[in-house]
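Note sheet for the following structure.
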Amino acid sequence: MDWVGWGLAALGFALLFGQYLAAQADTFVSIANPRPLDEESMTVTMRWWGLAAESHQPFVTPESDHGLCDVRVYITRKQVLTAIATFGAVRPVTVAWRAHAGILPLGDA
Amino acid sequence: MPLVRLGEPGPWTNYHGTGVCEDATRHALRSGYATRGRDELAAAASDVRQWLAAAQAAGKRVRPLGAGWSPSNVNICSGAWLLHTRRFNRCFRIADSDVRPGVDSAGLLLIEAGALVDEVSDKLEEQGRSLWTSGAGNGQTFAGAAATGTHGSMVARGGIQDHIRAVQIVTPSGIHWIEPAAGLMNDAFVAATGSIALRDDDLFAAVQLPVGALGIVTALVIDSVPKFLVRPIQNLRKVDCATLDWLSAGNFRRFSAAYALDREPDFVQMIVNPFKPFKRPAMLRFLYREEWRPDYPRATPGQMGAGYDALSLLGKLLDDYPWARGALLQFAMKQGYAAGPDVDDPPVYGTWGEGLDTHRPLADLFNASVTIDRGELARVFELICAVYTRHGGSTAVTIRFMERAEGLLAPARFEHNAVIDFDGPRSQRTADAYARVVELLDREGVAFTRHWAKSCSLDAARIAGDYGDDLTRWRAARDRLLPDPAHRALFGSPVLDGLGLTV
Ligand SMILES: Cc1cc2nc3c(=O)[nH]c(=O)nc-3n(C[C@H](O)[C@H](O)[C@H](O)COP(=O)(O)OP(=O)(O)OC[C@H]3O[C@@H](n4cnc5c(N)ncnc54)[C@H](O)[C@@H]3O)c2cc1C
């Protein structure tokens, strides 16, 4: 019954590899009429399968008084490998966003 | 206080990640809430002038930033004081009482330098007006786009800087309001902006395209045309190489009749796979201008075929599997480009601004181009594709068309221009292949220029040769605006010094 074991191992590996690839895709949310400033980003690390979370910097951007234009959430190759190696106990995620420059009404010269 | 400091000194990276300003001190110019635009400009320009003096006293260079979109690193200077302008973005109507007698104010708009092209389009459209051309995206600042001669493919138009009618520019020695000799705004208006009027054709033609080397542009007066609609047709077609002769001759109507509508097109663009450009389908885009009417069926920018750089996603694959480059590029073109409305689809319409998209960064891109006399296109285009692919170039190749653009340093300096763009995933091989294209054109004796904003590896000697007398005039204008070499150096950077524009 060796082949069953090998088959299951191959299936497990394929499942894991699929997750490894898919995790690196971007998730992107944007407003319709963006006027973006520069992109800022931070890493948020989920610990213990979501029981705790830690961000390396607070979610505050100095120029965000007009709101955000878009937010991108993605996991780099290194971050996926970290999550896999720790059985998901440490799962870093990158959150990137661009603040809005503001839209002021047309004035008179 | 319109000018504020942002955070602690640190690195700043441009949009495409082609350059980093190390140890940069970041500042931002912000719009205020003054009732009149002229008051707002007076306050901002005065702040900018003081800021320049402070930078000089601190022994620092300065670098104004638009959206940071230029991959040529004309926006990079390590150790400098950076001035972010995107929040300095208000736009103002101009009244008859603001202009000199005989000037029609109807199409004019006063804009702060950090207003994005998208913002300017929106504000013009609110007033029933429109830009007549712009680049493929609309996320640049107007001043930043004009600074490098940004263009699209409106076949009878020049560059975005052609819209400019007056420029407010700040140097350490003053706040200048520069217009052509014929004049535009009246003296009372100019004085109220805190500026000294300089009415001179050469100075104006220099500041229309300053490459970031002449001072801080704080405001522009731009012109516009009545709002219009465009009908896009976007399709994948195998193009006969004989059509290059039609395009070279400017017979866009014949080209359009063969592949889209039997009408005079206003915009023509062809994106080919340089691996067998005439054997594999090319992506064609046409725009047909129509009178504006309020009841047109609205379409999203995507439905209008906006945003054509989907190829960026392919970067890694193309680099990892060079043997499959031709097929992979074709696959990407099919996936990314086929979405536009074709001839038999129900027509969609939009204004000029609605057909453009604010780009979002997806992957590392390579952008380079050459601008040639349109008449040379048929002779050299296939040679260009052959050399490019033979040496490992892995991007699509785009042909766009435009007329001679304004500004002494406008790369579109032939009467009729064909611009050949190499846009796609970034790799050293692609950069090397582009260098071989440059060598090829030299060998073939074809005159050409290159884009100030793109990764075109320009140098001072080359620029002197390309622009000749116009560069001499530009430098003479610069020396009148910035007579003190220390002031010229303030706006210098390794890239601009290397181009010979600030030394
Ligand atoms: C996605 C994308 C699409 C593009 N499409 C096209 C296209 O279709 N056609 C085309 O021709 N080009 C195109 N480009 C190139 C682009 O238009 C240029 O790089 C343009 O200069 C970018 O404007 P910016 O506001 O980002 O300026 P930046 O890159 O920030 O600055 C450009 C130069 O202008 C100077 N500058 C900026 N603001 C000021 C100011 N207020 N005063 C003085 N100097 C200033 C900077 O110092 C720098 O030297 C594209 C680029 C990208 C990233």
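Labels used: A, B, ... for chains in the order of the structure tokens, numbers from 1 for residues in each chain, and numbers from 1 for ligands as shown.
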Closest contacts (chain B/chain A, max 6 Å, only C-alpha atoms) as a tab-separated table:
residue	atom	partner	partner_atom	distance
B:Arg36	CA	A:Ala109	CA	5.3
B:Gly37	CA	A:Ala109	CA	4.2
B:Arg38	CA	A:Ala109	CA	5.7
B:Arg87	CA	A:Ala101	CA	5.1
B:Cys91	CA	A:Leu106	CA	5.5
B:Phe92	CA	A:Gly107	CA	4.5
B:Arg93	CA	A:Asp108	CA	4.8
B:Ile94	CA	A:Ala109	CA	5.4
Hey, can you spit out that residue selection with C-alpha atoms as a PDB file, in the first residue's frame?
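See out_8.pdb below for the written result:
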ATOM      1  CA  ARG B  36      -9.563  83.765  -5.181  1.00  0.00           C
ATOM      2  CA  GLY B  37      -7.000  81.652  -6.987  1.00  0.00           C
ATOM      3  CA  ARG B  38      -4.604  84.546  -7.338  1.00  0.00           C
ATOM      4  CA  ARG B  87      -2.077  68.197  -2.726  1.00  0.00           C
ATOM      5  CA  CYS B  91      -8.397  74.693 -10.352  1.00  0.00           C
ATOM      6  CA  PHE B  92      -9.944  78.092 -11.048  1.00  0.00           C
ATOM      7  CA  ARG B  93     -12.124  79.676 -13.733  1.00  0.00           C
ATOM      8  CA  ILE B  94     -10.671  82.695 -15.502  1.00  0.00           C
TER       9      ILE B  94
END
Check your understanding: Can I get the residues close to ligand 1 as a ChimeraX atom specification, where close means within 7 Å and we count only C-alpha atoms and all ligand atoms?
Key -> /B:15-16,63-71,74-75,85,113-114,135-137,140-152,211-213,215-218,359,453-454
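One finds CA of Gln168 (chain B) at 18.9 Å from CA of Thr35 (chain B).
One distance worth recording is that between CA of Ala249 (chain B) and CA of Val155 (chain B), which is 12.1 Å.
You can rank A:Tyr20, A:Tyr74, A:Phe13, A:Trp3 by their closest distance to Thr43 (chain A) using only C-alpha atoms, and at the top of that list sits A:Tyr74.
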Practice item. Excluding Trp49 (chain A) and any residue of its chain fewer than 6 positions from it, enumerate the residues within 8 Å of it, using only C-alpha atoms, and give them as a VMD selection string. Key: chain A and resid 88 to 91
Practice item. Please report, as a ChimeraX atom specification, each residue of region 11-187 of chain B to which DSSP assigns strand (DSSP E) when run on this structure's backbone. Key: /B:11-13,20-29,62-65,81-84,91-93,109-112,129-130,164-171,174-179
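For the atom pair formed by CA of Arg49 (chain B) and CA of Ile175 (chain B), the distance is 7.5 Å, given to one decimal.
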**Study point:** Spatial neighbours of Ser41 (chain A), max dist 9 Å, only C-alpha atoms, sep filter under 3 positions, as a list in words
**Key:** Arg72, Thr94, Val95, Ala96, Trp97 and Arg98 of chain A
Generate the output file for the selected residues, N, CA and C atoms, as a short mmCIF file (atom, residue, chain, number, x, y, z; two decimals), in the first residue's frame.
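Okay, selection22.cif is ready:
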data_model
loop_
_atom_site.label_atom_id
_atom_site.label_comp_id
_atom_site.auth_asym_id
_atom_site.auth_seq_id
_atom_site.Cartn_x
_atom_site.Cartn_y
_atom_site.Cartn_z
N ARG A 72 -4.32 47.63 -1.03
CA ARG A 72 -3.87 46.39 -1.66
C ARG A 72 -3.41 45.46 -0.54
N THR A 94 1.09 41.86 3.88
CA THR A 94 1.43 43.27 3.59
C THR A 94 0.16 44.01 3.20
N VAL A 95 -0.05 45.15 3.82
CA VAL A 95 -1.17 46.01 3.46
C VAL A 95 -0.58 47.30 2.89
N ALA A 96 -0.95 47.62 1.67
CA ALA A 96 -0.43 48.85 1.04
C ALA A 96 -1.62 49.74 0.70
N TRP A 97 -1.45 51.02 0.84
CA TRP A 97 -2.57 51.92 0.54
C TRP A 97 -2.05 53.24 -0.01
N ARG A 98 -2.93 53.92 -0.71
CA ARG A 98 -2.59 55.26 -1.20
C ARG A 98 -3.66 56.23 -0.70
#
Exercise for review: Can you pull out every residue within 10 Å of Gln428 (chain B), counting only C-alpha atoms, but drop anything in the same chain fewer than 4 positions away, and send it as a list in words?
Suggested key: Asp319, Phe366, Gly392, Gly393, Asp432, Ala433 and Tyr434 of chain B
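The nearest approach to Phe491 (chain B) among the residues B:Val503, B:Phe286, B:Leu124, B:Pro277, with only C-alpha atoms taken into account, belongs to B:Val503.
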Practice item. Excluding Thr371 (chain B) and residues on its chain fewer than 3 positions from it, collect all residues at most 9 Å away from it, counting only C-alpha atoms, and give them as a list in words. Key: Arg374, Pro411, Ala412, Arg413, Phe414, Asn417, Ala418, Val419, Ile420, Asp421, Ala447, Phe448, Thr449, Arg450 and His451 of chain B
Check your understanding: Mind checking DSSP for chain A and telling me the alpha helix (DSSP H) residues as a VMD selection string?
Key -> chain A and resid 2 to 22 77 to 85
